[in-house]
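Source file: work35.cif (mmCIF, C-alpha atoms)
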```cif
data_target
loop_
_atom_site.label_atom_id
_atom_site.label_comp_id
_atom_site.auth_asym_id
_atom_site.auth_seq_id
_atom_site.Cartn_x
_atom_site.Cartn_y
_atom_site.Cartn_z
CA MET A 1 -23.00 4.50 29.01
CA ALA A 2 -25.60 1.86 28.29
CA HIS A 3 -24.35 -1.64 27.55
CA VAL A 4 -24.72 -2.63 23.93
CA PRO A 5 -23.77 -6.12 22.79
CA PRO A 6 -20.58 -5.92 20.70
CA ASP A 7 -21.59 -5.59 17.07
CA SER A 8 -18.63 -7.62 15.86
CA VAL A 9 -20.12 -10.88 17.07
CA SER A 10 -22.77 -10.76 14.35
CA GLY A 11 -20.53 -12.64 11.92
CA ALA A 12 -20.24 -16.18 13.16
CA GLY A 13 -17.99 -17.63 10.48
CA PRO A 14 -15.16 -16.61 8.19
CA ALA A 15 -16.17 -13.95 5.69
CA GLY A 16 -13.42 -14.48 3.17
CA PRO A 17 -12.82 -16.82 0.26
CA GLN A 18 -12.24 -20.44 1.12
CA GLY A 19 -9.52 -22.69 -0.16
CA PRO A 20 -9.54 -26.51 -0.37
CA ALA A 21 -11.45 -28.30 2.38
CA GLY A 22 -12.93 -25.00 3.59
CA ALA A 23 -9.58 -23.59 4.81
CA PRO A 24 -9.22 -19.79 4.53
CA THR A 25 -6.88 -18.79 1.69
CA ASP A 26 -5.56 -15.76 3.62
CA PRO A 27 -3.13 -16.84 6.38
CA LEU A 28 -3.36 -13.47 8.15
CA ARG A 29 -7.16 -13.83 8.30
CA SER A 30 -6.75 -17.27 9.93
CA ILE A 31 -4.41 -15.83 12.55
CA LEU A 32 -6.74 -12.90 13.29
CA GLN A 33 -9.69 -15.26 13.65
CA ALA A 34 -7.73 -17.50 16.01
CA LEU A 35 -6.70 -14.47 18.10
CA ARG A 36 -10.19 -12.91 18.15
CA PRO A 37 -10.71 -11.29 21.56
CA PRO A 38 -13.72 -12.28 23.66
CA GLY A 39 -16.94 -10.30 23.31
CA TRP A 40 -16.46 -8.34 26.54
CA VAL A 41 -13.10 -7.02 25.32
CA ILE A 42 -14.60 -5.87 22.01
CA ASP A 43 -17.48 -4.28 23.93
CA GLU A 44 -15.08 -2.36 26.18
CA LEU A 45 -12.92 -1.21 23.25
CA GLN A 46 -15.98 0.10 21.41
CA ASN A 47 -17.11 1.98 24.54
CA LYS A 48 -13.66 3.56 24.84
CA LEU A 49 -13.72 4.53 21.17
CA VAL A 50 -17.05 6.35 21.67
CA LEU A 51 -15.66 8.16 24.73
CA PHE A 52 -12.62 9.21 22.69
CA LEU A 53 -14.73 10.47 19.77
CA ASN A 54 -16.99 12.43 22.14
CA HIS A 55 -13.93 13.98 23.81
CA VAL A 56 -12.83 15.26 20.40
CA LEU A 57 -16.33 16.42 19.38
CA GLN A 58 -16.83 18.41 22.59
CA GLN A 59 -13.98 20.69 21.51
CA GLU A 60 -15.75 21.56 18.23
CA PRO A 61 -19.10 23.38 18.62
CA ALA A 62 -19.69 23.36 14.84
CA ALA A 63 -19.30 19.56 14.81
CA THR A 64 -21.73 18.98 17.66
CA GLU A 65 -24.25 21.30 15.99
CA ARG A 66 -24.08 19.28 12.77
CA LEU A 67 -24.50 16.01 14.64
CA ARG A 68 -27.42 17.45 16.62
CA ARG A 69 -29.28 17.86 13.30
CA GLN A 70 -28.85 14.12 12.67
CA ALA A 71 -29.85 13.00 16.20
CA GLY A 72 -31.08 9.43 16.42
CA LYS A 73 -29.83 8.31 12.99
CA PRO A 74 -27.72 5.16 13.35
CA LEU A 75 -24.40 4.93 11.49
CA ARG A 76 -22.84 1.51 10.94
CA VAL A 77 -19.16 1.05 10.13
CA GLN A 78 -18.40 -2.42 8.83
CA TRP A 79 -15.34 -4.45 7.87
CA GLY A 80 -15.90 -8.15 7.27
CA ASP A 81 -17.63 -9.48 10.39
CA PHE A 82 -16.63 -6.46 12.52
CA HIS A 83 -19.45 -3.95 12.98
CA PHE A 84 -19.62 -0.75 15.00
CA CYS A 85 -22.92 1.13 15.26
CA VAL A 86 -23.38 4.61 16.75
CA ALA A 87 -25.98 7.38 16.56
CA PRO A 88 -25.75 11.12 17.22
CA THR A 89 -27.52 12.34 20.36
CA ARG A 90 -29.52 15.54 20.91
CA ALA A 91 -26.39 16.96 22.55
CA GLY A 92 -24.45 16.45 19.30
CA LEU A 93 -22.32 13.61 20.65
CA LEU A 94 -22.30 9.88 19.84
CA GLU A 95 -23.71 6.87 21.61
CA ARG A 96 -23.55 3.19 20.76
CA VAL A 97 -26.79 1.65 19.60
CA ASP A 98 -27.91 -1.90 18.97
CA PRO A 99 -28.09 -2.34 15.16
CA VAL A 100 -30.92 -4.87 15.54
CA GLN A 101 -33.17 -2.43 17.41
CA HIS A 102 -31.92 0.60 15.46
CA PRO A 103 -31.28 -0.33 11.81
CA PRO A 104 -28.59 1.93 10.31
CA GLU A 105 -29.58 4.86 8.12
CA LEU A 106 -26.01 5.12 6.81
CA THR A 107 -23.59 2.23 6.33
CA VAL A 108 -19.90 2.63 5.52
CA SER A 109 -18.33 -0.71 4.55
CA LEU A 110 -14.71 -1.46 3.85
CA THR A 111 -15.05 -3.97 1.02
CA GLN A 112 -11.47 -5.27 1.07
CA THR A 113 -11.86 -8.33 3.29
CA SER A 114 -8.24 -9.53 3.28
CA PRO A 115 -6.29 -7.94 6.16
CA ALA A 116 -2.99 -8.53 4.36
CA GLU A 117 -4.22 -6.87 1.16
CA LEU A 118 -5.72 -3.97 3.12
CA VAL A 119 -2.43 -3.30 4.91
CA ARG A 120 -0.50 -3.62 1.63
CA ARG A 121 -2.75 -1.08 -0.10
CA MET A 122 -2.64 1.37 2.81
CA LEU A 123 1.16 1.18 3.06
CA ALA A 124 1.38 1.73 -0.70
CA GLY A 125 -0.79 4.85 -0.38
CA GLU A 126 -3.65 3.28 -2.32
CA LYS A 127 -7.29 3.93 -1.47
CA PRO A 128 -9.14 1.04 0.14
CA ALA A 129 -12.46 0.22 -1.51
CA VAL A 130 -15.34 1.69 0.51
CA ASP A 131 -19.04 1.13 -0.12
CA ILE A 132 -21.52 3.71 1.24
CA GLN A 133 -25.26 3.10 1.41
CA GLY A 134 -28.02 5.21 2.91
CA ASP A 135 -28.94 8.76 3.89
CA VAL A 136 -27.18 11.29 1.62
CA GLN A 137 -27.59 14.24 4.00
CA PHE A 138 -26.15 12.21 6.89
CA ALA A 139 -23.24 11.10 4.68
CA ALA A 140 -22.53 14.75 3.86
CA GLU A 141 -22.41 15.66 7.57
CA VAL A 142 -20.08 12.74 8.38
CA ALA A 143 -17.78 13.70 5.48
CA TRP A 144 -17.72 17.30 6.75
CA LEU A 145 -16.80 16.12 10.25
CA VAL A 146 -13.90 14.01 9.01
CA ASP A 147 -12.64 16.88 6.85
CA ASN A 148 -13.09 19.76 9.30
CA VAL A 149 -12.78 18.53 12.88
CA ARG A 150 -9.19 19.27 13.84
CA TRP A 151 -7.38 17.26 16.43
CA ASP A 152 -4.11 15.42 16.56
CA VAL A 153 -5.84 12.07 16.42
CA GLU A 154 -2.79 10.33 15.03
CA GLU A 155 -0.66 11.36 17.99
CA ASP A 156 -3.39 10.37 20.48
CA LEU A 157 -3.91 7.00 18.82
CA SER A 158 -0.18 6.33 18.61
CA ARG A 159 -0.06 6.42 22.41
CA LEU A 160 -2.65 3.66 22.49
CA MET A 161 -1.62 1.42 19.59
CA GLY A 162 1.77 2.51 18.24
CA ASP A 163 2.80 4.82 15.41
CA ALA A 164 2.31 2.43 12.46
CA ALA A 165 -1.18 1.27 13.46
CA ALA A 166 -2.29 4.85 14.22
CA HIS A 167 -0.99 6.07 10.84
CA THR A 168 -2.86 3.26 9.04
CA LEU A 169 -6.11 3.94 10.91
CA VAL A 170 -5.98 7.68 10.25
CA GLY A 171 -5.22 7.00 6.59
CA PHE A 172 -8.30 4.79 6.36
CA ALA A 173 -10.45 7.52 7.95
CA ARG A 174 -9.25 10.03 5.36
CA GLN A 175 -9.97 7.63 2.49
CA ALA A 176 -13.43 6.90 3.92
CA ALA A 177 -14.12 10.65 3.99
CA GLN A 178 -13.18 10.92 0.32
CA ALA A 179 -15.52 8.03 -0.49
CA LEU A 180 -18.33 9.70 1.48
CA LYS A 181 -17.84 12.93 -0.46
CA GLY A 182 -17.97 11.01 -3.73
CA PHE A 183 -21.18 9.28 -2.63
CA VAL A 184 -22.78 12.62 -1.71
CA ALA A 185 -21.71 14.23 -4.98
CA ARG A 186 -23.32 11.45 -7.03
CA MET A 187 -26.68 11.56 -5.27
CA PRO A 188 -29.42 14.16 -5.77
CA ARG A 189 -30.18 16.08 -2.59
CA PRO A 190 -33.75 16.10 -1.30
CA PRO A 191 -35.31 19.56 -1.06
CA SER A 192 -34.81 21.20 2.34
CA ALA A 193 -37.86 21.22 4.59
CA GLY A 194 -38.87 24.82 5.19
CA GLY A 195 -36.29 26.15 2.74
CA GLY A 196 -33.86 27.17 5.50
CA ALA A 197 -30.12 27.29 4.93
CA ALA A 198 -28.11 24.41 6.36
#
```
Encoded form (structure tokens):
Amino acid sequence: MAHVPPDSVSGAGPAGPQGPAGAPTDPLRSILQALRPPGWVIDELQNKLVLFLNHVLQQEPAATERLRRQAGKPLRVQWGDFHFCVAPTRAGLLERVDPVQHPPELTVSLTQTSPAELVRRMLAGEKPAVDIQGDVQFAAEVAWLVDNVRWDVEEDLSRLMGDAAAHTLVGFARQAAQALKGFVARMPRPPSAGGGAA
């Protein structure tokens, strides 16, 4: 897998509201910023995430076929100053891409910047606020993948990060899928080239 600089280093400073004398008002944010892993660790984690996603996709021919139709279109997932950018390949899998050289055609942003508030809302079963910008057709395919690709991701992730963190992450993925579907439903679809069925 080609080396791509970790996208999360693009935010140099705190992204949240500031209190007196420039101090962050969210104590959990301050702790997370102080404990930020080095760039090479983030890079390796993102590579492992892509390998994991491709492992899941390879078991679903319908999923790889849908991604094949979107080959080369970068997708950016963003939360505060953390960014993760991938693009479907001609084989219907995912590869990391440099967002500077390959500007995203679809961006999914988690707009709740406070980690403490995000965790509180997730544990309360509330939907986190998600902003989606970009290619409607691509958003529809991503929403379909999240809804229809079946794997026990929560169990797999719990082996890596523990039950609570895995449950929270899977919950966020489900809420993001709902937001994607809402985005697609609100936007007019461009006419299909050639009139073929999707």
re CA of Ala63 (chain A) and CA of Val142 (chain A): distance 9.4 Å
Mind checking which residues fall within 12 Å of Gln58 (chain A), counting all atoms listed in the file, ignoring those fewer than 2 positions away in the same chain, and posting them as a VMD selection string? chain A and resid 51 to 56 60 to 65 67 91 to 94 149 to 151
Same residues, C-alpha atoms, output as a PDB file, in the frame of the given file:
```pdb
ATOM      1  CA  LEU A  51     -15.660   8.160  24.730  1.00  0.00           C
ATOM      2  CA  PHE A  52     -12.620   9.210  22.690  1.00  0.00           C
ATOM      3  CA  LEU A  53     -14.730  10.470  19.770  1.00  0.00           C
ATOM      4  CA  ASN A  54     -16.990  12.430  22.140  1.00  0.00           C
ATOM      5  CA  HIS A  55     -13.930  13.980  23.810  1.00  0.00           C
ATOM      6  CA  VAL A  56     -12.830  15.260  20.400  1.00  0.00           C
ATOM      7  CA  GLU A  60     -15.750  21.560  18.230  1.00  0.00           C
ATOM      8  CA  PRO A  61     -19.100  23.380  18.620  1.00  0.00           C
ATOM      9  CA  ALA A  62     -19.690  23.360  14.840  1.00  0.00           C
ATOM     10  CA  ALA A  63     -19.300  19.560  14.810  1.00  0.00           C
ATOM     11  CA  THR A  64     -21.730  18.980  17.660  1.00  0.00           C
ATOM     12  CA  GLU A  65     -24.250  21.300  15.990  1.00  0.00           C
ATOM     13  CA  LEU A  67     -24.500  16.010  14.640  1.00  0.00           C
ATOM     14  CA  ALA A  91     -26.390  16.960  22.550  1.00  0.00           C
ATOM     15  CA  GLY A  92     -24.450  16.450  19.300  1.00  0.00           C
ATOM     16  CA  LEU A  93     -22.320  13.610  20.650  1.00  0.00           C
ATOM     17  CA  LEU A  94     -22.300   9.880  19.840  1.00  0.00           C
ATOM     18  CA  VAL A 149     -12.780  18.530  12.880  1.00  0.00           C
ATOM     19  CA  ARG A 150      -9.190  19.270  13.840  1.00  0.00           C
ATOM     20  CA  TRP A 151      -7.380  17.260  16.430  1.00  0.00           C
TER      21      TRP A 151
END
```
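Using all atoms listed in the file, the smallest distance between any of A:Asp131, A:Asp163, A:Asp147, A:Glu44 and Thr111 (chain A) comes from A:Asp131.
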Determine, counting all atoms listed in the file, every residue of protein, DNA or RNA that lies within 9 Å of (-24.0, 6.8, 20.0) in the file coordinates, then give the result as a PyMOL selection string. chain A and resi 50+72+74-75+85-89+93-97
What do you get, as a ChimeraX atom specification, if you spell out every residue that the PyMOL selection byres ((chain A and resi 132) around 10) selects here? /A:77,106-110,130-131,133-136,139,176,179-180,182-184
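Counting from CA of Arg66 (chain A), the distance to CA of Glu141 (chain A) is 6.6 Å.
The spacing separating CA of Ile42 (chain A) from CA of Phe138 (chain A) amounts to 26.2 Å.
With only C-alpha atoms as the basis for measurement, A:Glu105 is the residue among A:Glu105, A:Trp144, A:Gln137, A:Pro38 that approaches Lys73 (chain A) most closely.
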Which centre and edge lengths in Å to one decimal define the box along x, y and z that fits every listed atom of region 95-105 of chain A plus 8 Å per side, as AutoDock Vina command-line options?
```
--center_x -28.4 --center_y 1.0 --center_z 14.9 --size_x 25.6 --size_y 27.7 --size_z 29.5
```
Evaluating the PyMOL selection byres ((chain A and resi 99) around 8) on the displayed file yields which residues, as a ChimeraX atom specification? /A:7,74,76,85,97-98,100-104
Nearest to Pro37 (chain A), chosen from A:Gln59, A:Gln178, A:Phe82, A:Arg69, with all atoms listed in the file counted in the distances: A:Phe82
Got a minute to add N, CA and C atoms to region 79-105 of chain A and dump it as a short mmCIF file (atom, residue, chain, number, x, y, z; two decimals), keeping the file's coordinate frame?
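Contents of selection_24.cif, as written:
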```cif
data_model
loop_
_atom_site.label_atom_id
_atom_site.label_comp_id
_atom_site.auth_asym_id
_atom_site.auth_seq_id
_atom_site.Cartn_x
_atom_site.Cartn_y
_atom_site.Cartn_z
N TRP A 79 -16.46 -3.84 8.59
CA TRP A 79 -15.34 -4.45 7.87
C TRP A 79 -15.40 -5.94 8.13
N GLY A 80 -15.74 -6.71 7.10
CA GLY A 80 -15.90 -8.15 7.27
C GLY A 80 -16.98 -8.42 8.31
N ASP A 81 -16.64 -9.19 9.36
CA ASP A 81 -17.63 -9.48 10.39
C ASP A 81 -17.49 -8.54 11.60
N PHE A 82 -16.70 -7.47 11.46
CA PHE A 82 -16.63 -6.46 12.52
C PHE A 82 -17.62 -5.35 12.19
N HIS A 83 -18.47 -5.00 13.16
CA HIS A 83 -19.45 -3.95 12.98
C HIS A 83 -19.43 -3.03 14.19
N PHE A 84 -19.60 -1.75 13.93
CA PHE A 84 -19.62 -0.75 15.00
C PHE A 84 -20.75 0.20 14.66
N CYS A 85 -21.74 0.33 15.56
CA CYS A 85 -22.92 1.13 15.26
C CYS A 85 -23.10 2.21 16.32
N VAL A 86 -23.18 3.47 15.87
CA VAL A 86 -23.38 4.61 16.75
C VAL A 86 -24.47 5.51 16.16
N ALA A 87 -25.00 6.39 17.02
CA ALA A 87 -25.98 7.38 16.56
C ALA A 87 -25.70 8.70 17.26
N PRO A 88 -25.87 9.83 16.56
CA PRO A 88 -25.75 11.12 17.22
C PRO A 88 -26.86 11.31 18.25
N THR A 89 -26.54 12.03 19.33
CA THR A 89 -27.52 12.34 20.36
C THR A 89 -28.03 13.77 20.17
N ARG A 90 -29.01 14.17 20.97
CA ARG A 90 -29.52 15.54 20.91
C ARG A 90 -28.49 16.55 21.39
N ALA A 91 -27.47 16.07 22.10
CA ALA A 91 -26.39 16.96 22.55
C ALA A 91 -25.30 17.10 21.49
N GLY A 92 -25.44 16.37 20.36
CA GLY A 92 -24.45 16.45 19.30
C GLY A 92 -23.24 15.57 19.54
N LEU A 93 -23.40 14.57 20.40
CA LEU A 93 -22.32 13.61 20.65
C LEU A 93 -22.74 12.26 20.06
N LEU A 94 -21.99 11.20 20.38
CA LEU A 94 -22.30 9.88 19.84
C LEU A 94 -22.59 8.91 20.96
N GLU A 95 -23.47 7.96 20.68
CA GLU A 95 -23.71 6.87 21.61
C GLU A 95 -23.82 5.58 20.80
N ARG A 96 -23.40 4.48 21.42
CA ARG A 96 -23.55 3.19 20.76
C ARG A 96 -25.01 2.79 20.76
N VAL A 97 -25.42 2.16 19.69
CA VAL A 97 -26.79 1.65 19.60
C VAL A 97 -26.75 0.22 19.09
N ASP A 98 -27.77 -0.52 19.42
CA ASP A 98 -27.91 -1.90 18.97
C ASP A 98 -28.43 -1.88 17.53
N PRO A 99 -27.66 -2.40 16.56
CA PRO A 99 -28.09 -2.34 15.16
C PRO A 99 -29.34 -3.16 14.86
N VAL A 100 -29.69 -4.09 15.75
CA VAL A 100 -30.92 -4.87 15.54
C VAL A 100 -32.13 -4.01 15.88
N GLN A 101 -32.06 -3.29 17.00
CA GLN A 101 -33.17 -2.43 17.41
C GLN A 101 -33.19 -1.11 16.65
N HIS A 102 -32.03 -0.68 16.17
CA HIS A 102 -31.92 0.60 15.46
C HIS A 102 -31.20 0.37 14.13
N PRO A 103 -31.92 -0.07 13.10
CA PRO A 103 -31.28 -0.33 11.81
C PRO A 103 -30.57 0.93 11.29
N PRO A 104 -29.36 0.76 10.74
CA PRO A 104 -28.59 1.93 10.31
C PRO A 104 -29.24 2.68 9.16
N GLU A 105 -29.12 4.02 9.22
CA GLU A 105 -29.58 4.86 8.12
C GLU A 105 -28.43 5.19 7.17
#
```
